[in-house]
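Right, one structure below, let's go through it.
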Amino acid sequence: MRILVLGAAAGGGLPQWNCGCVNCVDARAGRLKPSGQSSLAVSADGRQWSILNASPDIRQQLQDSPALHPRGLRGSPIASVLVTNGDIDHIAGLLSLREQTPFVLCATREIHAVLDGNRIFDAVSREKVRRHPVALDQPFDLHDGLEAMLFAVPGKVPLFMEGDVVDTSLVGEQTVGVRLSDGRAVVYYIPGCAHVPDDLLARLGDADHLLFDGTLWDDDEMIRSGTGTKTGRRMGHISISGPDGSIARLAGVEAGKTFIHINNTNPVWRPDRPERAHVLAQGWQVAEDGLEIVT
Ligand code: MLT
Ligand code: MN
Ligand code: ZN
């Protein structure tokens with residue numbers, strides 16, 4: 001299986017348009033590698049591809065990835081697009097895929113309902129782009145030779161659908177992880193996860209590789225850096241550090257491990273920071289755009 005990181009950053013990207021944090025400043029100045037928003041491309045055979053989450057940066061991400069270029073006058077090697085929640089960083093890119101080339105759009109019924117409820121997505125032709133509602137825990141094919149299965153992970157409704165009271169630990173169809181298998185290797189992709197329950201840990205026992213939510217290093221990172229008012233918990237994202245953080249909770253998972261969906265405030269972007277060294281020492285890598293994982 002080939003996994004291509006199209007965008008390693010969380011919503012907003014690195015740099016984010018309105019952010020003057022040290023990471024964003026350094027990314028603008030060329031001292032840190034910029035990163036697009038959350039997306040992967042996956043292939044079982046290097047011929048057909050599936051996009052996991054369609055980020056607002058998808059046009060440039062496809063442009064930067066020769067494997068994903070058209071091979072004829074019109075068309076695309078992209079057979080399907082799967083979205084794991086209804087957040088803007090994962091769905092807005094669908095609007096850039098509206099130009100009459102067929103693919104299958106896979107998501108849970110609830111996530112399809114979010115798209116169906118926003119008429120702008122009708123611009124993605126239903127004749128050409130078949131909507132495929134996927135049930136949790138039922139394997140299906142993303143393309144020939146690449147099987148996927150969706151499972152619920154703790155999360156919340158998309159930011160733009162939040163009401164006055166927000167349950168940040170919903171377990172259902174609104175936030176899912178993906179198990180990918182090509183018959184040889186098993187890869188898990190979980191770009192958003194509020195915490196790691198024991199049943200999720202048990203599920204990961206057969207992983208060869210895990211790509212996991214690396215949004216924040218610390219729960220209060222955005223508050224301390226002065227860039228925001230929300231904790232990671234409030235955003236439905238587990239932190240990397242701490243006793244209940246992802247490094248601690250996932251320490252027993254014996255697989256290749258990669259942090260993805262990394263917020264621009266996160267110190268792990270920086271090669272000079274101890275947080276980065278710690279992550280590497282714990283057996284994780286930090287994704288960057290263009291990173292390819294071959295299993
Ligand atoms: C998130 O991952 O929390 C969302 O992408 C936030 C957003 O939509 O800006
Ligand atoms: Mn996001
Ligand atoms: Zn920033």
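Going by the structure tokens order, chains are called A, B, ..., each with residues numbered from 1, while ligands are numbered from 1 in the order shown.
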Could the residues of chain A that have an atom at most 10 Å from ligand 3 be listed as a tab-separated table, each with its closest atom pair and the distance in Å to one decimal, counting only C-alpha atoms and all ligand atoms and ordered by chain and ascending residue number?
residue	atom	partner	partner_atom_place_in_ligand_line	distance
A:Gly12	CA	ligand 3	1 (Zn)	8.6
A:Gly13	CA	ligand 3	1 (Zn)	8.5
A:Leu14	CA	ligand 3	1 (Zn)	6.8
A:Pro15	CA	ligand 3	1 (Zn)	5.9
A:Gln16	CA	ligand 3	1 (Zn)	5.8
A:Trp17	CA	ligand 3	1 (Zn)	8.5
A:Asn18	CA	ligand 3	1 (Zn)	7.8
A:Cys19	CA	ligand 3	1 (Zn)	4.4
A:Gly20	CA	ligand 3	1 (Zn)	5.5
A:Cys21	CA	ligand 3	1 (Zn)	4.1
A:Val22	CA	ligand 3	1 (Zn)	6.6
A:Asn23	CA	ligand 3	1 (Zn)	5.6
A:Cys24	CA	ligand 3	1 (Zn)	4.2
A:Val25	CA	ligand 3	1 (Zn)	7.3
A:Asp26	CA	ligand 3	1 (Zn)	9.3
A:Ala27	CA	ligand 3	1 (Zn)	9.0
A:Met222	CA	ligand 3	1 (Zn)	9.4
A:Ser225	CA	ligand 3	1 (Zn)	9.2
A:Thr227	CA	ligand 3	1 (Zn)	7.4
A:Asn263	CA	ligand 3	1 (Zn)	8.0
A:Asn264	CA	ligand 3	1 (Zn)	4.7
A:Thr265	CA	ligand 3	1 (Zn)	5.1
A:Asn266	CA	ligand 3	1 (Zn)	8.6
Going by DSSP on the backbone, which residues of region 54-272 of chain A come out as strand (DSSP E)? List them as a ChimeraX atom specification.
/A:78-82,103-107,129-133,140-143,146-152,176-181,186-190,209-213,256-260
Restrict the selected residues to N, CA and C atoms and save them as a compact mmCIF listing (two decimals), in the first residue's frame.
# COMPACT_ATOMS: atom_id res chain seq x y z
N ILE A 78 -8.03 9.23 -9.60
CA ILE A 78 -8.74 9.20 -8.31
C ILE A 78 -10.07 8.47 -8.49
N ALA A 79 -10.16 7.30 -7.88
CA ALA A 79 -11.37 6.47 -8.01
C ALA A 79 -12.42 6.85 -6.98
N SER A 80 -11.96 7.30 -5.83
CA SER A 80 -12.91 7.59 -4.75
C SER A 80 -12.34 8.61 -3.79
N VAL A 81 -13.26 9.26 -3.09
CA VAL A 81 -12.90 10.22 -2.04
C VAL A 81 -13.71 9.82 -0.81
N LEU A 82 -13.02 9.71 0.31
CA LEU A 82 -13.68 9.35 1.57
C LEU A 82 -13.49 10.51 2.54
N PHE A 103 -16.15 9.97 -9.74
CA PHE A 103 -15.51 9.22 -8.66
C PHE A 103 -16.62 8.85 -7.68
N VAL A 104 -16.31 8.02 -6.73
CA VAL A 104 -17.30 7.64 -5.72
C VAL A 104 -17.00 8.42 -4.45
N LEU A 105 -18.03 9.02 -3.88
CA LEU A 105 -17.87 9.80 -2.65
C LEU A 105 -18.38 8.97 -1.46
N CYS A 106 -17.46 8.56 -0.62
CA CYS A 106 -17.78 7.64 0.48
C CYS A 106 -17.78 8.37 1.82
N ALA A 107 -18.79 8.11 2.62
CA ALA A 107 -18.89 8.68 3.97
C ALA A 107 -20.03 7.96 4.67
N VAL A 129 -20.70 11.81 -9.73
CA VAL A 129 -20.09 11.48 -8.44
C VAL A 129 -21.12 10.76 -7.58
N ARG A 130 -21.01 9.45 -7.57
CA ARG A 130 -21.99 8.64 -6.84
C ARG A 130 -21.75 8.78 -5.34
N ARG A 131 -22.82 9.09 -4.60
CA ARG A 131 -22.73 9.15 -3.14
C ARG A 131 -22.87 7.73 -2.60
N HIS A 132 -21.88 7.31 -1.86
CA HIS A 132 -21.90 5.95 -1.30
C HIS A 132 -21.98 6.04 0.22
N PRO A 133 -23.17 5.78 0.79
CA PRO A 133 -23.29 5.78 2.25
C PRO A 133 -22.69 4.51 2.82
N PHE A 140 -15.68 -2.23 2.83
CA PHE A 140 -16.08 -1.87 1.46
C PHE A 140 -14.82 -1.55 0.69
N ASP A 141 -14.93 -1.50 -0.65
CA ASP A 141 -13.74 -1.24 -1.46
C ASP A 141 -13.65 0.24 -1.83
N LEU A 142 -12.48 0.84 -1.58
CA LEU A 142 -12.23 2.21 -2.05
C LEU A 142 -11.83 2.19 -3.52
N HIS A 143 -11.07 1.18 -3.91
CA HIS A 143 -10.82 0.85 -5.31
C HIS A 143 -10.33 -0.59 -5.37
N LEU A 146 -8.15 -2.36 -2.59
CA LEU A 146 -8.01 -1.57 -1.37
C LEU A 146 -9.33 -1.55 -0.60
N GLU A 147 -9.31 -2.29 0.50
CA GLU A 147 -10.52 -2.37 1.33
C GLU A 147 -10.43 -1.36 2.48
N ALA A 148 -11.55 -0.79 2.81
CA ALA A 148 -11.62 0.15 3.94
C ALA A 148 -12.74 -0.27 4.86
N MET A 149 -12.63 0.14 6.12
CA MET A 149 -13.73 -0.04 7.06
C MET A 149 -13.73 1.16 7.99
N LEU A 150 -14.91 1.73 8.19
CA LEU A 150 -15.03 2.89 9.06
C LEU A 150 -15.47 2.44 10.46
N PHE A 151 -14.96 3.13 11.45
CA PHE A 151 -15.39 2.85 12.83
C PHE A 151 -15.49 4.18 13.58
N ALA A 152 -16.39 4.20 14.56
CA ALA A 152 -16.64 5.43 15.31
C ALA A 152 -15.49 5.71 16.27
N VAL A 176 -15.20 9.49 12.27
CA VAL A 176 -14.78 8.09 12.11
C VAL A 176 -13.29 7.98 11.87
N GLY A 177 -12.77 6.81 12.22
CA GLY A 177 -11.45 6.39 11.81
C GLY A 177 -11.60 5.42 10.65
N VAL A 178 -10.51 5.13 9.98
CA VAL A 178 -10.54 4.25 8.82
C VAL A 178 -9.50 3.14 8.99
N ARG A 179 -9.94 1.90 8.77
CA ARG A 179 -9.00 0.78 8.68
C ARG A 179 -8.83 0.47 7.20
N LEU A 180 -7.60 0.51 6.72
CA LEU A 180 -7.29 0.23 5.32
C LEU A 180 -6.54 -1.08 5.22
N SER A 181 -6.90 -1.88 4.22
CA SER A 181 -6.17 -3.13 4.03
C SER A 181 -6.06 -3.45 2.54
N VAL A 186 -2.10 -3.57 7.05
CA VAL A 186 -3.25 -2.88 7.64
C VAL A 186 -2.79 -1.52 8.15
N VAL A 187 -3.47 -0.49 7.70
CA VAL A 187 -3.14 0.89 8.08
C VAL A 187 -4.38 1.55 8.68
N TYR A 188 -4.20 2.24 9.78
CA TYR A 188 -5.30 2.99 10.39
C TYR A 188 -5.06 4.48 10.21
N TYR A 189 -6.15 5.19 9.88
CA TYR A 189 -6.10 6.64 9.68
C TYR A 189 -7.15 7.26 10.59
N ILE A 190 -6.71 8.04 11.56
CA ILE A 190 -7.62 8.64 12.54
C ILE A 190 -7.21 10.12 12.73
N HIS A 209 0.60 0.18 10.42
CA HIS A 209 0.91 1.61 10.54
C HIS A 209 -0.32 2.35 11.04
N LEU A 210 -0.07 3.37 11.85
CA LEU A 210 -1.14 4.20 12.41
C LEU A 210 -0.84 5.66 12.11
N LEU A 211 -1.78 6.33 11.43
CA LEU A 211 -1.68 7.78 11.25
C LEU A 211 -2.73 8.40 12.16
N PHE A 212 -2.28 9.25 13.11
CA PHE A 212 -3.18 9.64 14.20
C PHE A 212 -3.15 11.15 14.45
N ASP A 213 -4.28 11.61 14.95
CA ASP A 213 -4.54 13.02 15.33
C ASP A 213 -3.39 13.62 16.16
N GLY A 256 4.22 1.19 12.91
CA GLY A 256 4.74 2.49 12.55
C GLY A 256 3.71 3.53 12.97
N LYS A 257 4.16 4.67 13.49
CA LYS A 257 3.20 5.66 14.01
C LYS A 257 3.56 7.05 13.48
N THR A 258 2.56 7.71 12.96
CA THR A 258 2.78 9.03 12.34
C THR A 258 1.71 10.00 12.83
N PHE A 259 2.14 11.15 13.33
CA PHE A 259 1.17 12.20 13.65
C PHE A 259 0.82 12.99 12.40
N ILE A 260 -0.49 13.19 12.22
CA ILE A 260 -1.02 13.99 11.11
C ILE A 260 -2.05 14.98 11.68
Enumerate residues in contact with ligand 2: an atom-to-atom distance of at most 7 Å, counting only C-alpha atoms and all ligand atoms. Format the result as a JSON list (two decimals) with N, CA, C and O atoms, in the first residue's frame.
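Saved to selection19.json:
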[["chain", "number", "residue", "atom", "x", "y", "z"],
["A", 10, "ALA", "N", -3.49, 20.64, 10.36],
["A", 10, "ALA", "CA", -4.91, 20.71, 10.71],
["A", 10, "ALA", "C", -5.55, 21.87, 9.96],
["A", 10, "ALA", "O", -4.89, 22.57, 9.18],
["A", 11, "GLY", "N", -6.84, 22.07, 10.21],
["A", 11, "GLY", "CA", -7.57, 23.18, 9.59],
["A", 11, "GLY", "C", -6.83, 24.49, 9.77],
["A", 11, "GLY", "O", -6.36, 24.79, 10.85],
["A", 38, "SER", "N", -5.27, 18.92, 6.09],
["A", 38, "SER", "CA", -5.45, 17.49, 6.32],
["A", 38, "SER", "C", -5.98, 16.64, 5.16],
["A", 38, "SER", "O", -7.18, 16.63, 4.87],
["A", 87, "ASP", "N", -16.06, 18.40, 8.94],
["A", 87, "ASP", "CA", -15.36, 19.67, 9.15],
["A", 87, "ASP", "C", -14.90, 20.27, 7.82],
["A", 87, "ASP", "O", -14.60, 19.55, 6.86],
["A", 89, "ASP", "N", -12.16, 21.57, 6.87],
["A", 89, "ASP", "CA", -10.84, 21.15, 6.33],
["A", 89, "ASP", "C", -10.91, 19.79, 5.63],
["A", 89, "ASP", "O", -9.99, 19.44, 4.89],
["A", 90, "HIS", "N", -12.01, 19.05, 5.83],
["A", 90, "HIS", "CA", -12.13, 17.72, 5.22],
["A", 90, "HIS", "C", -13.13, 17.65, 4.07],
["A", 90, "HIS", "O", -13.18, 16.64, 3.36],
["A", 192, "GLY", "N", -8.99, 12.75, 13.56],
["A", 192, "GLY", "CA", -9.63, 13.49, 14.64],
["A", 192, "GLY", "C", -10.12, 12.50, 15.68],
["A", 192, "GLY", "O", -10.79, 11.52, 15.35],
["A", 261, "HIS", "N", -2.63, 15.82, 10.84],
["A", 261, "HIS", "CA", -3.61, 16.83, 11.30],
["A", 261, "HIS", "C", -3.01, 17.63, 12.46],
["A", 261, "HIS", "O", -3.53, 17.66, 13.58]]
Taking only C-alpha atoms and all ligand atoms into account, produce a table as a Markdown table in which each residue of chain A with an atom at most 12 Å from an atom of ligand 1 appears once, together with its shortest atom pair and the distance in Å to one decimal, ordered by chain and rising number.
| residue | atom | partner | partner_atom_place_in_ligand_line | distance |
| --- | --- | --- | --- | --- |
| A:Ala9 | CA | ligand 1 | 2 (O) | 9.8 |
| A:Ala10 | CA | ligand 1 | 2 (O) | 6.1 |
| A:Gly11 | CA | ligand 1 | 5 (O) | 4.4 |
| A:Gly12 | CA | ligand 1 | 9 (O) | 6.7 |
| A:Gly13 | CA | ligand 1 | 5 (O) | 9.9 |
| A:Gln16 | CA | ligand 1 | 9 (O) | 10.9 |
| A:Gln37 | CA | ligand 1 | 5 (O) | 8.9 |
| A:Ser38 | CA | ligand 1 | 5 (O) | 8.5 |
| A:Ser39 | CA | ligand 1 | 5 (O) | 11.5 |
| A:Asn53 | CA | ligand 1 | 5 (O) | 11.0 |
| A:Ala54 | CA | ligand 1 | 5 (O) | 11.7 |
| A:Ser55 | CA | ligand 1 | 5 (O) | 9.7 |
| A:Pro56 | CA | ligand 1 | 5 (O) | 10.8 |
| A:Thr84 | CA | ligand 1 | 2 (O) | 10.7 |
| A:Asn85 | CA | ligand 1 | 2 (O) | 9.0 |
| A:Gly86 | CA | ligand 1 | 8 (O) | 8.4 |
| A:Asp87 | CA | ligand 1 | 8 (O) | 4.7 |
| A:Ile88 | CA | ligand 1 | 8 (O) | 4.8 |
| A:Asp89 | CA | ligand 1 | 5 (O) | 5.0 |
| A:His90 | CA | ligand 1 | 5 (O) | 7.2 |
| A:Ile91 | CA | ligand 1 | 8 (O) | 9.7 |
| A:Ala92 | CA | ligand 1 | 8 (O) | 10.0 |
| A:Gly155 | CA | ligand 1 | 3 (O) | 9.4 |
| A:Lys156 | CA | ligand 1 | 3 (O) | 9.0 |
| A:Val157 | CA | ligand 1 | 3 (O) | 9.7 |
| A:Pro158 | CA | ligand 1 | 8 (O) | 6.5 |
| A:Leu159 | CA | ligand 1 | 8 (O) | 5.3 |
| A:Phe160 | CA | ligand 1 | 8 (O) | 7.3 |
| A:Met161 | CA | ligand 1 | 8 (O) | 10.0 |
| A:Glu162 | CA | ligand 1 | 8 (O) | 10.7 |
| A:Thr168 | CA | ligand 1 | 3 (O) | 10.5 |
| A:Thr175 | CA | ligand 1 | 2 (O) | 10.4 |
| A:Ile190 | CA | ligand 1 | 2 (O) | 11.4 |
| A:Pro191 | CA | ligand 1 | 2 (O) | 8.0 |
| A:Gly192 | CA | ligand 1 | 2 (O) | 6.4 |
| A:Cys193 | CA | ligand 1 | 2 (O) | 9.2 |
| A:Ala194 | CA | ligand 1 | 3 (O) | 9.9 |
| A:Asp213 | CA | ligand 1 | 2 (O) | 9.1 |
| A:Gly214 | CA | ligand 1 | 2 (O) | 10.3 |
| A:Thr215 | CA | ligand 1 | 2 (O) | 7.6 |
| A:Leu216 | CA | ligand 1 | 3 (O) | 10.4 |
| A:Gly228 | CA | ligand 1 | 9 (O) | 11.8 |
| A:Lys230 | CA | ligand 1 | 3 (O) | 10.2 |
| A:Thr231 | CA | ligand 1 | 3 (O) | 10.5 |
| A:Gly232 | CA | ligand 1 | 3 (O) | 8.3 |
| A:Arg233 | CA | ligand 1 | 3 (O) | 9.9 |
| A:Arg234 | CA | ligand 1 | 3 (O) | 8.9 |
| A:Met235 | CA | ligand 1 | 3 (O) | 5.1 |
| A:Gly236 | CA | ligand 1 | 3 (O) | 6.5 |
| A:His237 | CA | ligand 1 | 3 (O) | 6.9 |
| A:Ile238 | CA | ligand 1 | 3 (O) | 10.6 |
| A:Ile260 | CA | ligand 1 | 2 (O) | 11.1 |
| A:His261 | CA | ligand 1 | 2 (O) | 7.5 |
| A:Ile262 | CA | ligand 1 | 2 (O) | 9.2 |
| A:Asn263 | CA | ligand 1 | 2 (O) | 8.7 |
| A:Asn264 | CA | ligand 1 | 2 (O) | 11.8 |
Please provide the set of residues having any atom within 8 Å of Ala123 (chain A), restricted to only C-alpha atoms, with same-chain residues fewer than 2 positions apart removed, written as a list in words.
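Result of the neighbour search: Leu95, Arg98, Arg119, Ile120, Phe121 and Ser125 of chain A.
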Shortest contact to Asp208 (chain A), candidates A:Ala44, A:Ala135, A:Ile293, A:Leu52, atoms counted only C-alpha atoms, goes to A:Ile293
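If you count only C-alpha atoms and ignore residues fewer than 6 places along the chain from Ala277 (chain A), what sits within 12 Å of it is Pro267, Val268, Trp269, Arg270, Pro271, Gly283, Trp284, Gln285 and Val286 of chain A.
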If we count only C-alpha atoms, what is near Ile3 (chain A) at a cut-off of 6 Å, once residues fewer than 3 positions away on the same chain are taken out, given as a PDB file with all heavy atoms, in the first residue's frame?
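Heads up, here's the output in around_14.pdb:
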ATOM      1  N   ALA A  41      -3.570  10.605   0.210  1.00  0.00           N
ATOM      2  CA  ALA A  41      -3.938   9.809  -0.957  1.00  0.00           C
ATOM      3  C   ALA A  41      -3.416   8.396  -0.704  1.00  0.00           C
ATOM      4  O   ALA A  41      -2.315   8.224  -0.175  1.00  0.00           O
ATOM      5  CB  ALA A  41      -3.323  10.379  -2.225  1.00  0.00           C
ATOM      6  N   VAL A  42      -4.205   7.390  -1.052  1.00  0.00           N
ATOM      7  CA  VAL A  42      -3.851   5.999  -0.772  1.00  0.00           C
ATOM      8  C   VAL A  42      -4.049   5.167  -2.025  1.00  0.00           C
ATOM      9  O   VAL A  42      -5.029   5.359  -2.765  1.00  0.00           O
ATOM     10  CB  VAL A  42      -4.750   5.411   0.345  1.00  0.00           C
ATOM     11  CG1 VAL A  42      -4.228   4.061   0.778  1.00  0.00           C
ATOM     12  CG2 VAL A  42      -4.815   6.341   1.515  1.00  0.00           C
ATOM     13  N   GLU A 292       5.803   9.943   1.924  1.00  0.00           N
ATOM     14  CA  GLU A 292       5.174   8.720   1.422  1.00  0.00           C
ATOM     15  C   GLU A 292       5.481   7.568   2.362  1.00  0.00           C
ATOM     16  O   GLU A 292       6.612   7.363   2.763  1.00  0.00           O
ATOM     17  CB  GLU A 292       5.660   8.400  -0.005  1.00  0.00           C
ATOM     18  CG  GLU A 292       4.900   7.225  -0.576  1.00  0.00           C
ATOM     19  CD  GLU A 292       5.014   7.074  -2.109  1.00  0.00           C
ATOM     20  OE1 GLU A 292       5.549   7.987  -2.760  1.00  0.00           O
ATOM     21  OE2 GLU A 292       4.579   6.032  -2.591  1.00  0.00           O
ATOM     22  N   ILE A 293       4.435   6.836   2.709  1.00  0.00           N
ATOM     23  CA  ILE A 293       4.580   5.668   3.561  1.00  0.00           C
ATOM     24  C   ILE A 293       4.233   4.458   2.696  1.00  0.00           C
ATOM     25  O   ILE A 293       3.160   4.406   2.101  1.00  0.00           O
ATOM     26  CB  ILE A 293       3.642   5.756   4.781  1.00  0.00           C
ATOM     27  CG1 ILE A 293       4.023   6.955   5.666  1.00  0.00           C
ATOM     28  CG2 ILE A 293       3.662   4.457   5.588  1.00  0.00           C
ATOM     29  CD1 ILE A 293       2.971   7.362   6.674  1.00  0.00           C
TER      30      ILE A 293
END
Long-range neighbours of Asp289 (chain A) as a ChimeraX atom specification, 7 Å cut-off, only C-alpha atoms, 6 positions minimum in chain
/A:5-8,35-36
Which of A:Ser50, A:Gln60, A:Thr101, A:Ser96 sits closest to Gly75 (chain A) [using only C-alpha atoms]:
A:Thr101
Atomic separation - CA of Ala207 (chain A) relative to CA of Val253 (chain A), Å:
7.7 Å
Just the residues within 8 Å of region 65-67 of chain A, please, counting only C-alpha atoms, with nothing from its chain fewer than 5 positions along; format it as a list in words.
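Answer for this query is Leu6, Gly46, Arg47, Pro77 and Gly290 of chain A.
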Export, as a compact mmCIF listing (two decimals), in the first residue's frame, the selected residues with N, CA and C atoms.
# COMPACT_ATOMS: atom_id res chain seq x y z
N LEU A 6 -0.86 14.32 1.61
CA LEU A 6 -1.10 15.52 0.79
C LEU A 6 -1.07 16.77 1.65
N GLY A 46 -0.71 1.76 -7.01
CA GLY A 46 0.00 2.88 -7.64
C GLY A 46 -0.67 3.38 -8.90
N ARG A 47 -1.78 2.74 -9.28
CA ARG A 47 -2.48 3.10 -10.50
C ARG A 47 -3.77 3.85 -10.14
N PRO A 77 -6.78 9.60 -11.97
CA PRO A 77 -6.58 8.30 -11.34
C PRO A 77 -7.31 8.17 -10.00
N GLY A 290 3.99 15.56 1.28
CA GLY A 290 4.84 14.81 0.35
C GLY A 290 5.42 13.54 0.97
Give the alpha helix (DSSP H) residues of region 72-275 of chain A, as DSSP finds them on the backbone, and put them as a PyMOL selection string.
chain A and resi 88-91+109-116+198-203+221-224+232-235+246-249+274-275
